[in-house]
>>> print(open('target11.txt').read())   # compact mmCIF, C-alpha atoms
# COMPACT_ATOMS: atom_id res chain seq x y z
CA MET A 1 5.96 18.89 5.47
CA SER A 2 4.88 15.45 6.68
CA VAL A 3 2.49 13.16 4.83
CA ARG A 4 -1.07 13.21 6.20
CA TYR A 5 -3.26 10.11 6.23
CA LEU A 6 -7.02 9.65 6.24
CA VAL A 7 -8.55 6.36 7.41
CA VAL A 8 -12.11 5.69 6.18
CA ASP A 9 -13.96 2.76 7.75
CA ASP A 10 -17.47 2.33 9.12
CA ASP A 11 -16.19 -0.07 11.81
CA ASP A 12 -15.40 2.38 14.62
CA ALA A 13 -13.24 -0.03 16.62
CA PHE A 14 -11.12 -1.05 13.61
CA ARG A 15 -10.74 2.55 12.42
CA ASP A 16 -9.70 3.76 15.88
CA ARG A 17 -7.14 0.94 16.32
CA LEU A 18 -5.66 1.65 12.90
CA ILE A 19 -5.46 5.39 13.59
CA ARG A 20 -3.68 4.75 16.92
CA ALA A 21 -1.24 2.35 15.27
CA ILE A 22 -0.39 4.80 12.48
CA ARG A 23 -0.17 7.74 14.88
CA SER A 24 2.27 5.73 17.07
CA ARG A 25 4.64 5.79 14.08
CA GLY A 26 4.74 9.59 14.26
CA VAL A 27 2.35 10.19 11.37
CA GLU A 28 -0.51 12.70 11.25
CA VAL A 29 -3.73 10.75 10.71
CA HIS A 30 -7.45 11.53 10.76
CA GLY A 31 -10.52 9.31 10.52
CA ALA A 32 -13.88 9.30 8.76
CA HIS A 33 -16.78 6.91 9.37
CA ASP A 34 -18.11 6.92 5.79
CA GLY A 35 -17.48 8.17 2.27
CA GLU A 36 -19.38 11.44 2.70
CA ALA A 37 -17.32 12.40 5.75
CA ALA A 38 -14.14 11.40 3.89
CA LEU A 39 -14.98 13.67 0.96
CA ALA A 40 -15.72 16.58 3.31
CA LEU A 41 -12.39 16.07 5.13
CA MET A 42 -10.52 15.75 1.83
CA ARG A 43 -11.92 19.08 0.66
CA MET A 44 -10.69 20.73 3.89
CA HIS A 45 -7.28 19.06 4.28
CA ALA A 46 -6.21 17.54 0.91
CA PHE A 47 -4.68 14.40 2.44
CA GLU A 48 -1.78 12.79 0.60
CA ARG A 49 -2.67 9.21 1.58
CA VAL A 50 -6.05 7.54 2.15
CA ILE A 51 -6.83 4.09 3.52
CA THR A 52 -10.43 3.15 2.82
CA ASP A 53 -12.63 0.15 3.50
CA LEU A 54 -14.30 -1.41 0.48
CA LYS A 55 -17.76 -2.17 1.90
CA MET A 56 -19.40 0.77 3.66
CA PRO A 57 -22.95 2.08 3.78
CA GLY A 58 -23.55 4.88 1.30
CA ILE A 59 -20.48 5.49 -0.83
CA SER A 60 -18.45 2.29 -1.19
CA GLY A 61 -14.67 2.23 -1.34
CA VAL A 62 -14.83 1.56 -5.09
CA GLU A 63 -16.93 4.73 -5.61
CA LEU A 64 -14.84 6.73 -3.14
CA VAL A 65 -11.55 6.23 -5.02
CA PRO A 66 -12.39 8.35 -8.11
CA ALA A 67 -14.24 10.91 -5.98
CA LEU A 68 -11.14 11.45 -3.82
CA LEU A 69 -8.93 11.66 -6.91
CA ALA A 70 -11.24 14.32 -8.37
CA ILE A 71 -10.56 16.48 -5.31
CA ASN A 72 -6.82 15.76 -5.13
CA PRO A 73 -5.34 13.98 -8.18
CA ALA A 74 -2.06 13.41 -6.30
CA VAL A 75 -3.64 11.40 -3.45
CA ARG A 76 -2.49 7.79 -3.07
CA ILE A 77 -5.25 5.39 -2.02
CA VAL A 78 -5.08 1.88 -0.56
CA VAL A 79 -8.33 -0.08 -0.32
CA LEU A 80 -8.83 -2.56 2.55
CA THR A 81 -11.45 -5.26 2.67
CA GLY A 82 -12.47 -8.36 4.52
CA TYR A 83 -13.86 -9.80 1.26
CA GLY A 84 -10.93 -9.89 -1.14
CA SER A 85 -11.43 -10.95 -4.74
CA ILE A 86 -9.61 -10.47 -8.00
CA ALA A 87 -12.60 -8.70 -9.58
CA THR A 88 -12.81 -6.01 -6.90
CA THR A 89 -9.03 -5.59 -6.91
CA VAL A 90 -9.05 -4.90 -10.64
CA GLN A 91 -12.00 -2.54 -10.25
CA CYS A 92 -10.30 -0.51 -7.49
CA VAL A 93 -6.95 -0.32 -9.28
CA ARG A 94 -8.58 0.71 -12.55
CA ARG A 95 -10.35 3.53 -10.72
CA GLY A 96 -7.06 4.79 -9.29
CA ALA A 97 -6.20 2.93 -6.08
CA VAL A 98 -2.47 2.23 -5.76
CA ASN A 99 -3.04 -0.99 -3.83
CA TYR A 100 -5.70 -3.32 -2.44
CA LEU A 101 -5.20 -5.40 0.71
CA THR A 102 -7.31 -7.86 2.65
CA LYS A 103 -7.94 -7.46 6.37
CA PRO A 104 -6.38 -8.11 8.78
CA VAL A 105 -3.19 -6.38 7.70
CA GLU A 106 -0.01 -5.46 9.58
CA VAL A 107 0.33 -1.67 9.84
CA ASP A 108 3.91 -1.46 8.55
CA TYR A 109 2.92 -3.60 5.54
CA LEU A 110 -0.10 -1.33 4.98
CA LEU A 111 2.01 1.83 5.06
CA ALA A 112 4.54 0.25 2.68
CA ALA A 113 1.67 -0.61 0.29
CA PHE A 114 1.42 3.07 -0.71
CA ASP A 115 4.79 2.81 -2.42
CA ALA A 116 4.18 -0.60 -4.00
CA VAL A 117 2.21 -0.82 -7.22
CA ALA A 118 -0.69 -3.26 -7.16
CA GLU A 119 -0.61 -5.94 -9.79
CA PRO A 120 -4.08 -7.47 -9.78
CA SER A 121 -3.33 -10.99 -10.90
CA GLU A 122 -4.31 -14.41 -9.67
CA ALA A 123 -0.75 -14.95 -8.44
CA HIS A 124 -1.35 -12.11 -5.96
CA PHE A 125 -3.83 -14.27 -4.02
CA ALA A 126 -3.22 -17.53 -2.20
CA THR A 127 -5.92 -20.09 -2.82
CA PRO A 128 -8.18 -19.94 0.23
CA SER A 129 -9.26 -23.06 2.04
CA LEU A 130 -12.82 -24.26 1.63
CA ALA A 131 -13.41 -23.51 5.33
CA SER A 132 -12.31 -19.88 4.96
CA VAL A 133 -14.45 -19.41 1.82
CA GLU A 134 -17.43 -20.86 3.69
CA TRP A 135 -16.75 -18.64 6.73
CA ASN A 136 -16.47 -15.50 4.56
CA HIS A 137 -19.69 -16.38 2.73
CA ILE A 138 -21.56 -17.00 6.00
CA GLN A 139 -20.27 -13.69 7.40
CA ARG A 140 -21.31 -11.83 4.25
CA VAL A 141 -24.83 -13.32 4.35
CA LEU A 142 -25.11 -12.61 8.10
CA ASP A 143 -24.03 -9.04 7.46
CA GLU A 144 -26.60 -8.65 4.67
CA SER A 145 -29.22 -10.18 7.02
CA GLU A 146 -28.30 -7.58 9.67
CA GLY A 147 -27.21 -10.33 12.07
CA ASN A 148 -30.55 -12.18 11.88
CA VAL A 149 -29.51 -15.86 12.07
CA SER A 150 -32.92 -17.18 10.95
CA ARG A 151 -32.95 -14.97 7.84
CA ALA A 152 -29.32 -15.84 7.07
CA ALA A 153 -30.07 -19.56 7.43
CA ARG A 154 -32.97 -19.29 4.97
CA THR A 155 -30.74 -17.42 2.49
CA LEU A 156 -28.00 -20.06 2.85
CA GLY A 157 -30.49 -22.93 2.54
CA LEU A 158 -29.63 -24.23 6.01
CA HIS A 159 -31.66 -25.04 9.07
CA ARG A 160 -31.25 -22.31 11.70
CA ARG A 161 -29.72 -24.75 14.23
CA SER A 162 -27.22 -25.99 11.62
CA LEU A 163 -26.06 -22.43 11.01
CA GLN A 164 -25.83 -21.80 14.76
CA ARG A 165 -23.66 -24.94 15.14
CA LYS A 166 -21.37 -23.78 12.34
CA LEU A 167 -21.01 -20.37 13.96
CA GLN A 168 -20.26 -21.91 17.38
CA LYS A 169 -17.75 -24.37 15.90
CA ILE A 170 -15.87 -21.64 14.03
CA ALA A 171 -15.90 -19.29 17.05
CA ARG A 172 -13.96 -21.81 19.18
>>> encode(input="target11.txt", output="structure tokens")
Amino acid sequence: MSVRYLVVDDDDAFRDRLIRAIRSRGVEVHGAHDGEAALALMRMHAFERVITDLKMPGISGVELVPALLAINPAVRIVVLTGYGSIATTVQCVRRGAVNYLTKPVEVDYLLAAFDAVAEPSEAHFATPSLASVEWNHIQRVLDESEGNVSRAARTLGLHRRSLQRKLQKIAR
């Protein structure tokens, strides 16, 4: 019997690309757009491997890990995120995830991560550049502001035009 995968991510385009990439390797894979759908699918199919996003509306990846394990204690879970930190890595691993990776990730590396044991330590992370930390913070605030640049600028303590310039400069 082959191993079945479940990909849980609220970003439809990312989830669909990942499913296609995994399926192209001859693996059975299904997708869910949020934690509730993932739990329903897990109850029906008892997947052996789950790849879940960390930040999703409703049930987050951190909350989803123990809920999936309650349904199938043998499931192996890898958490993916665009906002990697040591604190969330430790939290996910303590709750039962076998690994924690930051996006973007190469599919073969992701599939191999199910057999590697996560060691949440500072040595696991390269020190990010100040520019990448700033970019991630701006993206997080924009996301929390639902894409509203004026609201994000106020939250960041920037003038709206300054934020727009930063976004244009980084997009090039």
>>> closest_residue(input="target11.txt", among="A:Glu36, A:Thr89, A:Val78, A:Leu156", to="Asp115 of chain A", atoms="all atoms listed in the file")
A:Val78
>>> closest_residue(input="target11.txt", among="A:Phe47, A:Ala113, A:Val8, A:Ile19", to="His33 of chain A", atoms="only C-alpha atoms")
A:Val8
>>> atom_distance(input="target11.txt", atom1="atom CA of Val98 of chain A", atom2="atom CA of Gln139 of chain A")
27.3 Å
>>> atom_distance(input="target11.txt", atom1="atom CA of Lys103 of chain A", atom2="atom CA of Gly147 of chain A")
20.3 Å
>>> residues_around(input="target11.txt", residues="Val27 of chain A", least_positions_apart="5", cutoff="12 Å", atoms="all atoms listed in the file", output="PyMOL selection string")
chain A and resi 1-6+18-22+48-49+111
>>> residues_around(input="target11.txt", residues="segment 37-39 of chain A", least_positions_apart="2", cutoff="9 Å", atoms="all atoms listed in the file", output="list in words")
Leu6, Val7, Val8, Gly31, Ala32, His33, Asp34, Gly35, Leu41, Met42, Arg43, Met44, Leu64, Ala67, Leu68 and Ile71 of chain A
>>> atom_distance(input="target11.txt", atom1="atom CA of Leu110 of chain A", atom2="atom CA of Arg140 of chain A")
23.7 Å
>>> residues_near_point(input="target11.txt", point="(-25.3, -18.2, 8.1)", cutoff="6 Å", atoms="all atoms listed in the file", output="ChimeraX atom specification")
/A:138,142,152-153,163
>>> write_last_selection(input="target11.txt", atoms="C-alpha atoms", output="PDB file, in the coordinates of the input")
ATOM      1  CA  ILE A 138     -21.560 -17.000   6.000  1.00  0.00           C
ATOM      2  CA  LEU A 142     -25.110 -12.610   8.100  1.00  0.00           C
ATOM      3  CA  ALA A 152     -29.320 -15.840   7.070  1.00  0.00           C
ATOM      4  CA  ALA A 153     -30.070 -19.560   7.430  1.00  0.00           C
ATOM      5  CA  LEU A 163     -26.060 -22.430  11.010  1.00  0.00           C
TER       6      LEU A 163
END
>>> closest_residue(input="target11.txt", among="A:Ile77, A:Trp135, A:Asp53, A:Phe14", to="Gln168 of chain A", atoms="all atoms listed in the file")
A:Trp135
>>> closest_residue(input="target11.txt", among="A:Arg23, A:Arg76, A:His45, A:Arg161", to="Val149 of chain A", atoms="all atoms listed in the file")
A:Arg161
>>> decode(input="target11.txt", residues="segment 38-157 of chain A", atoms="C-alpha atoms", output="mmCIF file, in the first residue's frame")
data_model
loop_
_atom_site.group_PDB
_atom_site.id
_atom_site.type_symbol
_atom_site.label_atom_id
_atom_site.label_comp_id
_atom_site.auth_asym_id
_atom_site.auth_seq_id
_atom_site.Cartn_x
_atom_site.Cartn_y
_atom_site.Cartn_z
ATOM 1 C CA ALA A 38 -8.277 18.662 6.752
ATOM 2 C CA LEU A 39 -9.830 17.094 9.849
ATOM 3 C CA ALA A 40 -12.849 15.906 7.850
ATOM 4 C CA LEU A 41 -10.584 14.341 5.193
ATOM 5 C CA MET A 42 -8.387 12.746 7.864
ATOM 6 C CA ARG A 43 -11.435 11.099 9.433
ATOM 7 C CA MET A 44 -12.406 9.640 6.031
ATOM 8 C CA HIS A 45 -8.970 8.605 4.701
ATOM 9 C CA ALA A 46 -6.487 8.391 7.630
ATOM 10 C CA PHE A 47 -3.565 9.877 5.674
ATOM 11 C CA GLU A 48 -0.069 8.757 6.636
ATOM 12 C CA ARG A 49 1.611 12.097 5.850
ATOM 13 C CA VAL A 50 0.331 15.677 6.179
ATOM 14 C CA ILE A 51 1.915 18.915 4.990
ATOM 15 C CA THR A 52 0.234 21.896 6.605
ATOM 16 C CA ASP A 53 0.669 25.646 6.476
ATOM 17 C CA LEU A 54 1.230 27.380 9.804
ATOM 18 C CA LYS A 55 -0.910 30.503 9.342
ATOM 19 C CA MET A 56 -4.448 29.807 8.156
ATOM 20 C CA PRO A 57 -7.825 31.283 9.019
ATOM 21 C CA GLY A 58 -9.675 29.248 11.626
ATOM 22 C CA ILE A 59 -7.545 26.369 12.868
ATOM 23 C CA SER A 60 -3.848 27.241 12.600
ATOM 24 C CA GLY A 61 -1.176 24.698 11.736
ATOM 25 C CA VAL A 62 -0.044 24.647 15.373
ATOM 26 C CA GLU A 63 -3.583 23.704 16.502
ATOM 27 C CA LEU A 64 -4.053 21.280 13.612
ATOM 28 C CA VAL A 65 -1.047 19.097 14.523
ATOM 29 C CA PRO A 66 -2.464 17.613 17.771
ATOM 30 C CA ALA A 67 -5.963 17.384 16.276
ATOM 31 C CA LEU A 68 -4.656 15.276 13.371
ATOM 32 C CA LEU A 69 -2.640 13.102 15.758
ATOM 33 C CA ALA A 70 -5.773 12.505 17.851
ATOM 34 C CA ILE A 71 -7.447 11.022 14.762
ATOM 35 C CA ASN A 72 -4.409 9.049 13.568
ATOM 36 C CA PRO A 73 -1.527 8.801 16.076
ATOM 37 C CA ALA A 74 0.743 7.321 13.372
ATOM 38 C CA VAL A 75 0.458 10.316 11.006
ATOM 39 C CA ARG A 76 3.681 12.196 10.255
ATOM 40 C CA ILE A 77 3.244 15.966 9.925
ATOM 41 C CA VAL A 78 5.496 18.613 8.398
ATOM 42 C CA VAL A 79 4.578 22.257 9.001
ATOM 43 C CA LEU A 80 5.361 24.869 6.320
ATOM 44 C CA THR A 81 5.418 28.596 6.846
ATOM 45 C CA GLY A 82 6.494 31.830 5.264
ATOM 46 C CA TYR A 83 7.216 33.239 8.745
ATOM 47 C CA GLY A 84 9.790 30.914 10.274
ATOM 48 C CA SER A 85 10.923 31.393 13.855
ATOM 49 C CA ILE A 86 12.526 29.260 16.514
ATOM 50 C CA ALA A 87 9.565 29.739 18.879
ATOM 51 C CA THR A 88 6.988 28.411 16.411
ATOM 52 C CA THR A 89 9.297 25.559 15.415
ATOM 53 C CA VAL A 90 9.573 24.432 19.025
ATOM 54 C CA GLN A 91 5.826 24.801 19.498
ATOM 55 C CA CYS A 92 5.009 22.667 16.423
ATOM 56 C CA VAL A 93 7.553 19.959 17.246
ATOM 57 C CA ARG A 94 6.387 19.762 20.861
ATOM 58 C CA ARG A 95 2.836 19.246 19.631
ATOM 59 C CA GLY A 96 3.918 16.368 17.409
ATOM 60 C CA ALA A 97 5.137 17.670 14.036
ATOM 61 C CA VAL A 98 8.125 15.719 12.713
ATOM 62 C CA ASN A 99 9.574 18.745 10.939
ATOM 63 C CA TYR A 100 9.081 22.441 10.267
ATOM 64 C CA LEU A 101 10.219 24.139 7.050
ATOM 65 C CA THR A 102 10.075 27.668 5.692
ATOM 66 C CA LYS A 103 8.590 28.444 2.287
ATOM 67 C CA PRO A 104 9.626 28.268 -0.461
ATOM 68 C CA VAL A 105 10.834 24.683 -0.240
ATOM 69 C CA GLU A 106 11.984 22.208 -2.887
ATOM 70 C CA VAL A 107 9.530 19.308 -3.148
ATOM 71 C CA ASP A 108 12.118 16.515 -2.859
ATOM 72 C CA TYR A 109 13.548 18.202 0.255
ATOM 73 C CA LEU A 110 10.010 18.515 1.655
ATOM 74 C CA LEU A 111 9.245 14.832 1.087
ATOM 75 C CA ALA A 112 12.570 13.852 2.664
ATOM 76 C CA ALA A 113 11.695 15.991 5.715
ATOM 77 C CA PHE A 114 9.170 13.354 6.827
ATOM 78 C CA ASP A 115 12.023 10.966 7.565
ATOM 79 C CA ALA A 116 14.307 13.559 9.178
ATOM 80 C CA VAL A 117 13.772 14.493 12.802
ATOM 81 C CA ALA A 118 13.464 18.208 13.464
ATOM 82 C CA GLU A 119 15.927 19.624 15.919
ATOM 83 C CA PRO A 120 14.605 23.070 16.804
ATOM 84 C CA SER A 121 17.796 24.902 17.605
ATOM 85 C CA GLU A 122 19.252 28.225 16.616
ATOM 86 C CA ALA A 123 21.824 26.424 14.457
ATOM 87 C CA HIS A 124 18.917 25.213 12.297
ATOM 88 C CA PHE A 125 18.315 28.770 11.041
ATOM 89 C CA ALA A 126 20.624 31.009 9.052
ATOM 90 C CA THR A 127 20.679 34.569 10.328
ATOM 91 C CA PRO A 128 18.385 36.504 7.991
ATOM 92 C CA SER A 129 19.448 39.785 6.470
ATOM 93 C CA LEU A 130 17.915 42.979 7.793
ATOM 94 C CA ALA A 131 16.222 43.479 4.410
ATOM 95 C CA SER A 132 14.527 40.059 4.553
ATOM 96 C CA VAL A 133 13.377 40.632 8.155
ATOM 97 C CA GLU A 134 11.954 44.007 7.127
ATOM 98 C CA TRP A 135 10.245 42.472 4.064
ATOM 99 C CA ASN A 136 8.703 39.660 6.147
ATOM 100 C CA HIS A 137 7.485 42.150 8.751
ATOM 101 C CA ILE A 138 5.951 44.418 6.093
ATOM 102 C CA GLN A 139 4.244 41.411 4.465
ATOM 103 C CA ARG A 140 2.882 40.238 7.824
ATOM 104 C CA VAL A 141 1.481 43.694 8.636
ATOM 105 C CA LEU A 142 0.017 44.022 5.121
ATOM 106 C CA ASP A 143 -1.597 40.621 5.528
ATOM 107 C CA GLU A 144 -3.055 41.595 8.910
ATOM 108 C CA SER A 145 -4.277 44.860 7.311
ATOM 109 C CA GLU A 146 -6.005 42.835 4.573
ATOM 110 C CA GLY A 147 -3.839 44.487 1.906
ATOM 111 C CA ASN A 148 -4.804 48.031 2.941
ATOM 112 C CA VAL A 149 -1.573 50.006 2.410
ATOM 113 C CA SER A 150 -2.758 53.062 4.367
ATOM 114 C CA ARG A 151 -3.675 50.961 7.422
ATOM 115 C CA ALA A 152 -0.415 49.005 7.174
ATOM 116 C CA ALA A 153 1.584 52.243 6.938
ATOM 117 C CA ARG A 154 -0.089 53.582 10.098
ATOM 118 C CA THR A 155 0.659 50.313 11.927
ATOM 119 C CA LEU A 156 4.299 50.418 10.786
ATOM 120 C CA GLY A 157 4.655 54.105 11.689
#
